file start18.cif (mmCIF, C-alpha atoms)
data_work
#
loop_
_atom_site.group_PDB
_atom_site.id
_atom_site.type_symbol
_atom_site.label_atom_id
_atom_site.label_comp_id
_atom_site.auth_asym_id
_atom_site.auth_seq_id
_atom_site.Cartn_x
_atom_site.Cartn_y
_atom_site.Cartn_z
ATOM 1 C CA MET A 1394 79.693 73.270 101.785
ATOM 2 C CA VAL A 1395 78.623 75.298 98.733
ATOM 3 C CA HIS A 1396 80.539 74.485 95.564
ATOM 4 C CA PRO A 1397 82.471 77.582 94.324
ATOM 5 C CA ALA A 1398 80.828 77.336 90.908
ATOM 6 C CA ASP A 1399 77.360 77.312 92.498
ATOM 7 C CA ASP A 1400 78.272 80.257 94.695
ATOM 8 C CA LEU A 1401 79.523 82.202 91.649
ATOM 9 C CA ALA A 1402 76.371 81.408 89.688
ATOM 10 C CA ARG A 1403 74.199 82.537 92.607
ATOM 11 C CA THR A 1404 76.185 85.787 92.954
ATOM 12 C CA LEU A 1405 75.937 86.635 89.255
ATOM 13 C CA THR A 1406 72.282 85.656 88.969
ATOM 14 C CA ASN A 1407 71.347 87.768 91.978
ATOM 15 C CA ALA A 1408 73.373 90.721 90.667
ATOM 16 C CA LEU A 1409 71.570 90.529 87.334
ATOM 17 C CA HIS A 1410 68.120 90.301 88.942
ATOM 18 C CA THR A 1411 68.747 93.162 91.367
ATOM 19 C CA GLY A 1412 70.570 95.401 88.883
ATOM 20 C CA ASP A 1413 73.822 95.262 90.858
ATOM 21 C CA LEU A 1414 76.030 96.032 87.877
ATOM 22 C CA ASP A 1415 79.088 96.778 89.999
ATOM 23 C CA THR A 1416 79.138 93.190 91.284
ATOM 24 C CA LEU A 1417 78.117 91.661 87.951
ATOM 25 C CA VAL A 1418 80.731 93.445 85.855
ATOM 26 C CA SER A 1419 83.573 93.460 88.388
ATOM 27 C CA THR A 1420 83.212 89.714 88.986
ATOM 28 C CA LEU A 1421 83.237 88.788 85.300
ATOM 29 C CA HIS A 1422 85.946 91.341 84.513
ATOM 30 C CA ALA A 1423 88.217 89.949 87.249
ATOM 31 C CA GLN A 1424 87.866 86.497 85.664
ATOM 32 C CA GLY A 1425 88.765 87.852 82.228
ATOM 33 C CA ARG A 1426 85.301 87.011 80.867
ATOM 34 C CA LEU A 1427 84.390 90.628 80.115
ATOM 35 C CA GLN A 1428 86.946 92.779 78.327
ATOM 36 C CA GLY A 1429 87.164 96.553 78.502
ATOM 37 C CA ARG A 1430 86.892 99.263 81.129
ATOM 38 C CA PRO A 1431 84.399 98.228 83.841
ATOM 39 C CA ALA A 1432 82.956 101.742 84.000
ATOM 40 C CA GLN A 1433 82.176 101.684 80.275
ATOM 41 C CA LEU A 1434 80.744 98.150 80.456
ATOM 42 C CA ILE A 1435 78.442 99.244 83.287
ATOM 43 C CA SER A 1436 77.408 102.328 81.313
ATOM 44 C CA ASN A 1437 76.566 100.158 78.283
ATOM 45 C CA LEU A 1438 74.496 97.671 80.288
ATOM 46 C CA ARG A 1439 72.698 100.060 82.642
ATOM 47 C CA PRO A 1440 69.936 101.222 80.233
ATOM 48 C CA ILE A 1441 69.101 97.610 79.373
ATOM 49 C CA ILE A 1442 69.098 96.417 82.993
ATOM 50 C CA THR A 1443 67.035 99.417 84.119
ATOM 51 C CA ALA A 1444 64.461 98.859 81.374
ATOM 52 C CA ALA A 1445 64.288 95.131 82.188
ATOM 53 C CA GLN A 1446 63.495 95.889 85.827
ATOM 54 C CA ARG A 1447 60.929 98.527 84.817
ATOM 55 C CA ASP A 1448 59.157 96.211 82.357
ATOM 56 C CA TYR A 1449 59.553 93.002 84.409
ATOM 57 C CA VAL A 1450 61.605 91.355 81.644
ATOM 58 C CA SER A 1451 63.899 88.500 82.656
ATOM 59 C CA LEU A 1452 67.242 88.734 80.882
ATOM 60 C CA LEU A 1453 68.076 85.148 81.878
ATOM 61 C CA ARG A 1454 64.779 83.736 80.583
ATOM 62 C CA PRO A 1455 63.674 86.295 78.002
ATOM 63 C CA PRO A 1456 60.061 86.352 76.764
ATOM 64 C CA ALA A 1457 59.073 85.538 73.188
ATOM 65 C CA ASP A 1458 59.049 89.214 72.185
ATOM 66 C CA PHE A 1459 62.497 89.888 73.697
ATOM 67 C CA HIS A 1460 64.105 91.016 70.433
ATOM 68 C CA ALA A 1461 61.338 93.523 69.705
ATOM 69 C CA TRP A 1462 61.508 94.795 73.289
ATOM 70 C CA LEU A 1463 65.306 95.145 73.159
ATOM 71 C CA SER A 1464 65.175 97.008 69.834
ATOM 72 C CA GLY A 1465 62.871 99.558 71.421
ATOM 73 C CA VAL A 1466 65.070 99.927 74.503
ATOM 74 C CA LEU A 1467 68.135 100.538 72.357
ATOM 75 C CA LEU A 1468 66.529 103.453 70.507
ATOM 76 C CA THR A 1469 66.509 105.866 73.444
ATOM 77 C CA ASN A 1470 68.759 107.005 76.266
ATOM 78 C CA ALA A 1471 67.700 107.158 79.910
ATOM 79 C CA ASP A 1472 66.721 110.818 79.498
ATOM 80 C CA GLY A 1473 64.467 110.022 76.535
ATOM 81 C CA THR A 1474 66.767 111.417 73.859
ATOM 82 C CA PRO A 1475 67.495 109.254 70.784
ATOM 83 C CA ALA A 1476 70.539 107.023 71.222
ATOM 84 C CA ARG A 1477 73.244 107.462 68.625
ATOM 85 C CA PRO A 1478 73.899 104.492 66.310
ATOM 86 C CA ASN A 1479 77.325 103.771 67.787
ATOM 87 C CA THR A 1480 75.911 103.939 71.319
ATOM 88 C CA ARG A 1481 73.328 101.317 70.375
ATOM 89 C CA THR A 1482 76.068 99.185 68.869
ATOM 90 C CA SER A 1483 78.239 99.356 71.979
ATOM 91 C CA ARG A 1484 75.292 98.330 74.182
ATOM 92 C CA VAL A 1485 74.444 95.325 72.031
ATOM 93 C CA LEU A 1486 78.074 94.198 71.857
ATOM 94 C CA THR A 1487 78.425 94.410 75.632
ATOM 95 C CA LEU A 1488 75.185 92.486 76.164
ATOM 96 C CA ARG A 1489 76.430 89.809 73.745
ATOM 97 C CA ALA A 1490 79.685 89.573 75.695
ATOM 98 C CA LEU A 1491 77.711 89.232 78.937
ATOM 99 C CA TYR A 1492 75.590 86.419 77.536
ATOM 100 C CA ARG A 1493 78.696 84.680 76.200
ATOM 101 C CA ALA A 1494 80.277 84.810 79.672
ATOM 102 C CA LEU A 1495 77.094 83.434 81.271
ATOM 103 C CA ARG A 1496 77.006 80.565 78.746
ATOM 104 C CA GLN A 1497 80.633 79.732 79.479
ATOM 105 C CA LEU A 1498 79.782 79.489 83.166
ATOM 106 C CA GLY A 1499 76.739 77.308 82.506
ATOM 107 C CA ILE A 1500 74.315 79.863 83.948
ATOM 108 C CA ILE A 1501 72.376 79.906 80.659
ATOM 109 C CA THR A 1502 72.449 77.346 77.855
ATOM 110 C CA GLY A 1503 71.145 79.155 74.789
ATOM 111 C CA ASP A 1504 71.959 82.511 73.238
ATOM 112 C CA PRO A 1505 69.109 85.004 73.829
ATOM 113 C CA LEU A 1506 70.554 87.227 71.080
ATOM 114 C CA LEU A 1507 70.668 84.514 68.437
ATOM 115 C CA ASP A 1508 69.423 86.040 65.152
ATOM 116 C CA PHE A 1509 68.992 89.449 66.795
ATOM 117 C CA HIS A 1510 69.566 92.166 64.202
ATOM 118 C CA ALA A 1511 71.244 95.076 65.910
ATOM 119 C CA PRO A 1512 70.698 98.597 64.578
ATOM 120 C CA PRO A 1513 73.434 99.372 62.047
ATOM 121 C CA ALA A 1514 76.342 101.429 63.332
ATOM 122 C CA GLU A 1515 77.019 102.927 59.945
ATOM 123 C CA ARG A 1516 74.982 103.520 56.811
ATOM 124 C CA ARG A 1517 76.594 102.694 53.489
ATOM 125 C CA SER A 1518 76.104 106.321 52.503
ATOM 126 C CA ASP A 1519 78.191 107.466 55.450
ATOM 127 C CA PRO A 1520 81.718 108.573 54.543
ATOM 128 C CA LEU A 1521 84.529 106.154 55.247
ATOM 129 C CA PRO A 1522 86.970 107.076 58.014
ATOM 130 C CA THR A 1523 89.950 109.032 56.740
ATOM 131 C CA ARG A 1524 93.396 107.488 56.383
ATOM 132 C CA GLU A 1525 94.595 109.592 59.306
ATOM 133 C CA THR A 1526 91.767 108.416 61.575
ATOM 134 C CA ILE A 1527 92.371 104.753 60.725
ATOM 135 C CA GLN A 1528 96.107 105.131 61.301
ATOM 136 C CA THR A 1529 95.416 106.712 64.697
ATOM 137 C CA LEU A 1530 93.270 103.706 65.616
ATOM 138 C CA ILE A 1531 95.990 101.288 64.512
ATOM 139 C CA ASP A 1532 98.617 103.188 66.502
ATOM 140 C CA ALA A 1533 96.344 103.063 69.555
ATOM 141 C CA ALA A 1534 95.981 99.287 69.108
ATOM 142 C CA ARG A 1535 99.744 98.665 69.071
ATOM 143 C CA PRO A 1536 99.854 97.516 72.751
ATOM 144 C CA ASP A 1537 97.405 94.729 71.759
ATOM 145 C CA PRO A 1538 99.353 92.586 69.222
ATOM 146 C CA ALA A 1539 96.306 90.575 68.117
ATOM 147 C CA LEU A 1540 94.119 93.605 67.426
ATOM 148 C CA HIS A 1541 97.013 95.497 65.849
ATOM 149 C CA ALA A 1542 97.623 92.672 63.349
ATOM 150 C CA ALA A 1543 93.889 92.181 62.712
ATOM 151 C CA LEU A 1544 93.339 95.867 61.930
ATOM 152 C CA LEU A 1545 96.235 95.920 59.485
ATOM 153 C CA LEU A 1546 94.924 92.812 57.696
ATOM 154 C CA LEU A 1547 91.533 94.503 57.407
ATOM 155 C CA TRP A 1548 92.839 97.866 56.206
ATOM 156 C CA HIS A 1549 95.884 96.882 54.137
ATOM 157 C CA HIS A 1550 94.484 93.658 52.666
ATOM 158 C CA ALA A 1551 90.661 93.793 52.932
ATOM 159 C CA VAL A 1552 90.562 90.359 54.596
ATOM 160 C CA PRO A 1553 86.890 89.415 55.218
ATOM 161 C CA ILE A 1554 86.086 89.135 58.896
ATOM 162 C CA ALA A 1555 84.948 85.487 58.543
ATOM 163 C CA THR A 1556 88.267 84.615 56.894
ATOM 164 C CA LEU A 1557 90.192 86.550 59.526
ATOM 165 C CA LEU A 1558 88.596 84.673 62.417
ATOM 166 C CA ARG A 1559 89.310 81.207 60.998
ATOM 167 C CA LEU A 1560 92.914 81.891 59.930
ATOM 168 C CA ARG A 1561 95.472 79.443 61.335
ATOM 169 C CA TRP A 1562 99.190 79.938 61.544
ATOM 170 C CA ASP A 1563 99.974 77.451 58.773
ATOM 171 C CA ALA A 1564 98.455 80.018 56.376
ATOM 172 C CA PHE A 1565 101.290 82.435 57.194
ATOM 173 C CA ASN A 1566 104.710 82.013 55.601
ATOM 174 C CA PRO A 1567 107.141 83.908 57.842
ATOM 175 C CA HIS A 1568 110.027 83.545 55.391
ATOM 176 C CA GLU A 1569 108.207 84.921 52.334
ATOM 177 C CA ARG A 1570 105.921 87.167 54.440
ATOM 178 C CA THR A 1571 102.794 85.959 52.651
ATOM 179 C CA LEU A 1572 99.349 84.853 53.785
ATOM 180 C CA LEU A 1573 97.225 82.147 52.167
ATOM 181 C CA ARG A 1574 93.621 83.351 52.168
ATOM 182 C CA ASN A 1575 91.262 80.895 50.512
ATOM 183 C CA ASP A 1576 92.898 80.254 47.100
ATOM 184 C CA VAL A 1577 95.122 83.338 46.974
ATOM 185 C CA VAL A 1578 98.630 83.839 48.349
ATOM 186 C CA SER A 1579 98.790 87.509 49.356
ATOM 187 C CA PRO A 1580 102.134 89.283 49.820
ATOM 188 C CA LEU A 1581 101.795 91.316 53.009
ATOM 189 C CA THR A 1582 102.694 94.967 53.328
ATOM 190 C CA PRO A 1583 105.799 95.567 55.484
ATOM 191 C CA ALA A 1584 103.712 96.998 58.343
ATOM 192 C CA THR A 1585 101.262 94.086 58.264
ATOM 193 C CA ALA A 1586 104.007 91.465 57.995
ATOM 194 C CA THR A 1587 105.824 92.961 60.974
ATOM 195 C CA ALA A 1588 102.636 92.975 63.065
ATOM 196 C CA VAL A 1589 101.801 89.374 62.129
ATOM 197 C CA GLU A 1590 105.394 88.275 62.850
ATOM 198 C CA ARG A 1591 105.159 89.907 66.285
ATOM 199 C CA LEU A 1592 101.953 87.975 66.995
ATOM 200 C CA HIS A 1593 103.519 84.802 65.579
ATOM 201 C CA HIS A 1594 106.438 85.105 67.963
ATOM 202 C CA ARG A 1595 104.074 85.584 70.911
ATOM 203 C CA ALA A 1596 102.261 82.411 69.840
ATOM 204 C CA GLY A 1597 105.498 80.471 70.362
ATOM 205 C CA TYR A 1598 107.316 80.537 67.018
ATOM 206 C CA ASP A 1599 111.061 81.136 67.263
ATOM 207 C CA PRO A 1600 112.816 81.702 63.903
ATOM 208 C CA LEU A 1601 116.003 80.234 65.402
ATOM 209 C CA PHE A 1602 114.235 76.907 65.946
ATOM 210 C CA GLU A 1603 112.336 75.780 62.859
ATOM 211 C CA ASP A 1604 110.596 72.948 64.721
ATOM 212 C CA THR A 1605 108.545 75.532 66.620
ATOM 213 C CA LEU A 1606 106.770 76.330 63.331
ATOM 214 C CA ASP A 1607 105.134 72.885 63.286
ATOM 215 C CA VAL A 1608 103.967 73.291 66.884
ATOM 216 C CA VAL A 1609 102.347 76.686 66.301
ATOM 217 C CA ALA A 1610 100.889 75.974 62.832
ATOM 218 C CA PRO A 1611 97.573 74.297 63.787
ATOM 219 C CA ARG A 1612 96.552 77.109 66.136
ATOM 220 C CA ARG A 1613 94.201 79.931 65.267
ATOM 221 C CA MET A 1614 95.896 83.268 64.664
ATOM 222 C CA PHE A 1615 93.383 85.395 66.534
ATOM 223 C CA PRO A 1616 91.636 84.957 69.898
ATOM 224 C CA TYR A 1617 88.228 86.279 68.818
ATOM 225 C CA ASP A 1618 85.495 83.638 68.974
ATOM 226 C CA SER A 1619 82.968 85.696 67.009
ATOM 227 C CA PRO A 1620 82.741 88.840 64.839
ATOM 228 C CA ASP A 1621 81.167 90.623 67.805
ATOM 229 C CA ALA A 1622 84.199 89.872 69.983
ATOM 230 C CA LEU A 1623 86.414 91.630 67.447
ATOM 231 C CA ARG A 1624 83.998 94.549 67.085
ATOM 232 C CA LEU A 1625 83.834 94.966 70.850
ATOM 233 C CA ARG A 1626 87.625 95.073 71.124
ATOM 234 C CA ILE A 1627 87.781 97.688 68.336
ATOM 235 C CA LEU A 1628 85.131 99.698 70.138
ATOM 236 C CA HIS A 1629 87.081 99.647 73.418
ATOM 237 C CA VAL A 1630 90.317 100.810 71.805
ATOM 238 C CA ALA A 1631 88.503 103.487 69.778
ATOM 239 C CA ARG A 1632 86.857 104.856 72.927
ATOM 240 C CA GLU A 1633 90.163 104.913 74.800
ATOM 241 C CA ALA A 1634 91.657 106.935 71.939
ATOM 242 C CA THR A 1635 88.551 109.195 71.706
ATOM 243 C CA LEU A 1636 87.907 107.962 68.167
ATOM 244 C CA PRO A 1637 84.613 106.998 66.529
ATOM 245 C CA PHE A 1638 83.820 103.303 66.269
ATOM 246 C CA MET A 1639 85.099 101.916 62.954
ATOM 247 C CA PRO A 1640 83.376 98.652 61.961
ATOM 248 C CA PRO A 1641 85.519 95.992 60.247
ATOM 249 C CA GLY A 1642 83.421 96.419 57.098
ATOM 250 C CA ALA A 1643 84.339 100.105 56.893
ATOM 251 C CA LEU A 1644 88.037 99.256 57.266
ATOM 252 C CA ARG A 1645 87.759 96.690 54.462
ATOM 253 C CA ARG A 1646 86.126 99.215 52.137
ATOM 254 C CA ALA A 1647 88.814 101.727 53.040
ATOM 255 C CA ALA A 1648 91.395 99.149 51.924
ATOM 256 C CA LEU A 1649 90.017 99.388 48.394
ATOM 257 C CA ARG A 1650 90.418 103.148 48.578
ATOM 258 C CA ASP A 1651 93.821 103.301 50.291
ATOM 259 C CA HIS A 1652 95.753 100.083 49.560
ATOM 260 C CA ALA A 1653 94.691 98.744 46.189
ATOM 261 C CA ARG A 1654 98.129 97.621 44.972
ATOM 262 C CA SER A 1655 97.323 94.421 43.093
ATOM 263 C CA ALA A 1656 94.678 91.727 42.796
ATOM 264 C CA THR A 1657 96.588 89.200 44.915
ATOM 265 C CA HIS A 1658 97.398 91.881 47.488
ATOM 266 C CA LEU A 1659 93.673 92.175 48.228
ATOM 267 C CA GLY A 1660 92.873 88.489 47.760
ATOM 268 C CA TYR A 1661 91.415 88.485 44.231
ATOM 269 C CA LEU A 1662 92.109 85.747 41.700
ATOM 270 C CA ASN A 1663 90.280 87.526 38.887
ATOM 271 C CA THR A 1664 92.045 90.747 37.863
ATOM 272 C CA THR A 1665 89.011 91.999 35.922
ATOM 273 C CA HIS A 1666 86.811 91.620 38.993
ATOM 274 C CA TYR A 1667 89.441 93.320 41.121
ATOM 275 C CA ASP A 1668 89.682 96.308 38.758
ATOM 276 C CA ARG A 1669 85.903 96.692 38.716
ATOM 277 C CA VAL A 1670 85.622 96.585 42.519
ATOM 278 C CA VAL A 1671 88.449 99.090 43.001
ATOM 279 C CA GLN A 1672 86.977 101.501 40.454
ATOM 280 C CA LEU A 1673 83.604 101.314 42.201
ATOM 281 C CA ALA A 1674 85.132 101.841 45.641
ATOM 282 C CA GLN A 1675 87.208 104.805 44.556
ATOM 283 C CA ALA A 1676 84.258 106.359 42.759
ATOM 284 C CA LEU A 1677 82.399 106.529 46.081
ATOM 285 C CA THR A 1678 84.940 108.816 47.689
ATOM 286 C CA ASP A 1679 86.157 112.308 46.956
ATOM 287 C CA GLU A 1680 89.689 111.178 47.673
ATOM 288 C CA PRO A 1681 91.852 110.028 44.738
#

call {"tool": "encode", "arguments": {"input": "start18.cif", "output": "structure tokens"}}
result
Amino acid sequence: MVHPADDLARTLTNALHTGDLDTLVSTLHAQGRLQGRPAQLISNLRPIITAAQRDYVSLLRPPADFHAWLSGVLLTNADGTPARPNTRTSRVLTLRALYRALRQLGIITGDPLLDFHAPPAERRSDPLPTRETIQTLIDAARPDPALHAALLLLWHHAVPIATLLRLRWDAFNPHERTLLRNDVVSPLTPATATAVERLHHRAGYDPLFEDTLDVVAPRRMFPYDSPDALRLRILHVAREATLPFMPPGALRRAALRDHARSATHLGYLNTTHYDRVVQLAQALTDEP
């Protein structure tokens, strides 16, 4: 009798080799290992799979020049037209998610995209998203409590993505509505505090029973295991809301433009440094 895990590995491996994206994506999506709309995931992966079959490139055992090959594939669409920066980003993020799922299942051991430098989704000279556009994204993310809270921490408090991903619940004080980030205790905006409290409650904390605070405290606040996992979730929600992709870095820079209330509010210990950064950020935009 074939072990179920072996049967699954054989199914996924065959689907990847033959370009059967319907089977590949639907199987991983049903297991919760690929997030997002299956149709969009298939659309993101198809140019890469098609090019791999054309060029006899194994995606499970990539050749030494895999990164150079992939960079070239990402530059163009199937019809030969140049791929837009955000399209390239979405394809890389989906491929990363696929490889992560295959590693979790033991089908591959290493990360073929380790140290791969994806084409940037946004140039620093590009204008930041407007307040209205960011607020629309945050409203669209409301059904996802984790993403909703993460976006507000990025935009209202300029929390660095590395800090965001390693935050644990003992850094949040639900009574004072503050967040300890490195060496700074930041008072949260009302909207951010409410979103974090909502996520805190879903994690198991009940304000009527103080002992639940000790149980929840050691856990990580957010479910994202990498920056790419967060970017991919932002991309999915943005697409659903017909919005452009907004990288976490752009949201953090927008925080300096839109929510610069105090040094501690944005995580700065040095007020002089904070003032200099805010002046620079606000000088780069036409908005006051």

call {"tool": "closest_residue", "arguments": {"input": "start18.cif", "among": "A:Pro1536, A:Pro1567, A:Gly1412, A:Gly1465", "to": "Arg1481 (chain A)", "atoms": "only C-alpha atoms"}}
result
A:Gly1465

call {"tool": "closest_residue", "arguments": {"input": "start18.cif", "among": "A:Ala1490, A:Leu1521, A:Leu1544, A:Leu1573", "to": "Gly1429 (chain A)", "atoms": "all atoms listed in the file"}}
result
A:Ala1490

call {"tool": "residues_around", "arguments": {"input": "start18.cif", "residues": "Ala1584 (chain A)", "least_positions_apart": "4", "cutoff": "10 Å", "atoms": "all atoms listed in the file", "output": "PyMOL selection string"}}
result
chain A and resi 1542+1545-1546+1549+1588-1590

call {"tool": "residues_near_point", "arguments": {"input": "start18.cif", "point": "(65.3, 93.7, 87.6)", "cutoff": "9 Å", "atoms": "only C-alpha atoms", "output": "VMD selection string"}}
result
chain A and resid 1409 to 1412 1442 to 1452

call {"tool": "resolve_selection", "arguments": {"input": "start18.cif", "expression": "the PyMOL selection byres ((chain A and resi 1537) around 12)", "output": "list in words"}}
result
Leu1530, Ile1531, Asp1532, Ala1533, Ala1534, Arg1535, Pro1536, Pro1538, Ala1539, Leu1540, His1541, Ala1542, Ala1543, Leu1544, Ala1588, Val1589, Arg1591, Leu1592, Arg1595, Phe1615, Pro1616, Arg1626, Ile1627, His1629 and Val1630 of chain A

call {"tool": "closest_residue", "arguments": {"input": "start18.cif", "among": "A:Asp1563, A:Glu1525, A:Glu1569, A:Asp1576", "to": "Leu1636 (chain A)", "atoms": "all atoms listed in the file"}}
result
A:Glu1525

call {"tool": "atom_distance", "arguments": {"input": "start18.cif", "atom1": "CA of Arg1426 (chain A)", "atom2": "CA of Pro1455 (chain A)"}}
result
21.8 Å

call {"tool": "closest_residue", "arguments": {"input": "start18.cif", "among": "A:Leu1547, A:Ala1648, A:Leu1659, A:Ile1501", "to": "Arg1454 (chain A)", "atoms": "all atoms listed in the file"}}
result
A:Ile1501

call {"tool": "axis_aligned_box", "arguments": {"input": "start18.cif", "around": "region 1459-1464 of chain A", "padding_each_side": "5 Å", "output": "JSON"}}
result
{"center_x": 63.3, "center_y": 93.4, "center_z": 71.7, "size_x": 14.0, "size_y": 17.1, "size_z": 14.0}

call {"tool": "resolve_selection", "arguments": {"input": "start18.cif", "expression": "the PyMOL selection byres ((chain A and resi 1435) around 12)", "output": "JSON, numbers by chain"}}
result
{"A": [1409, 1412, 1413, 1414, 1415, 1416, 1417, 1418, 1419, 1421, 1422, 1427, 1428, 1429, 1430, 1431, 1432, 1433, 1434, 1436, 1437, 1438, 1439, 1440, 1441, 1442, 1443, 1483, 1484, 1487, 1488, 1491]}

call {"tool": "resolve_selection", "arguments": {"input": "start18.cif", "expression": "the PyMOL selection byres ((chain A and resi 1564-1566) around 10)", "output": "list of chain:residue names"}}
result
A:Leu1560, A:Arg1561, A:Trp1562, A:Asp1563, A:Pro1567, A:His1568, A:Glu1569, A:Arg1570, A:Thr1571, A:Leu1572, A:Leu1573, A:Arg1574, A:Asn1575, A:Val1578, A:Ser1579, A:Pro1580, A:Leu1581, A:Ala1586, A:Val1589, A:Glu1590, A:His1593, A:Leu1606, A:Ala1610, A:Pro1611, A:Arg1613, A:Met1614

call {"tool": "closest_residue", "arguments": {"input": "start18.cif", "among": "A:Leu1625, A:Asn1470, A:Pro1583, A:Pro1456", "to": "Val1485 (chain A)", "atoms": "only C-alpha atoms"}}
result
A:Leu1625

call {"tool": "closest_residue", "arguments": {"input": "start18.cif", "among": "A:Arg1559, A:Asp1618, A:Leu1467, A:Leu1498", "to": "Asp1399 (chain A)", "atoms": "all atoms listed in the file"}}
result
A:Leu1498

call {"tool": "residues_around", "arguments": {"input": "start18.cif", "residues": "region 1619-1622 of chain A", "least_positions_apart": "5", "cutoff": "9 Å", "atoms": "all atoms listed in the file", "output": "MDAnalysis selection string"}}
result
chainID A and resid 1486 1489:1490 1554:1555 1558 1627 1641

call {"tool": "atom_distance", "arguments": {"input": "start18.cif", "atom1": "CA of Asn1479 (chain A)", "atom2": "CA of Arg1645 (chain A)"}}
result
18.3 Å

call {"tool": "residues_around", "arguments": {"input": "start18.cif", "residues": "His1460 (chain A)", "least_positions_apart": "4", "cutoff": "10 Å", "atoms": "only C-alpha atoms", "output": "number ranges by chain"}}
result
A: 1455-1456, 1464-1466, 1505-1511
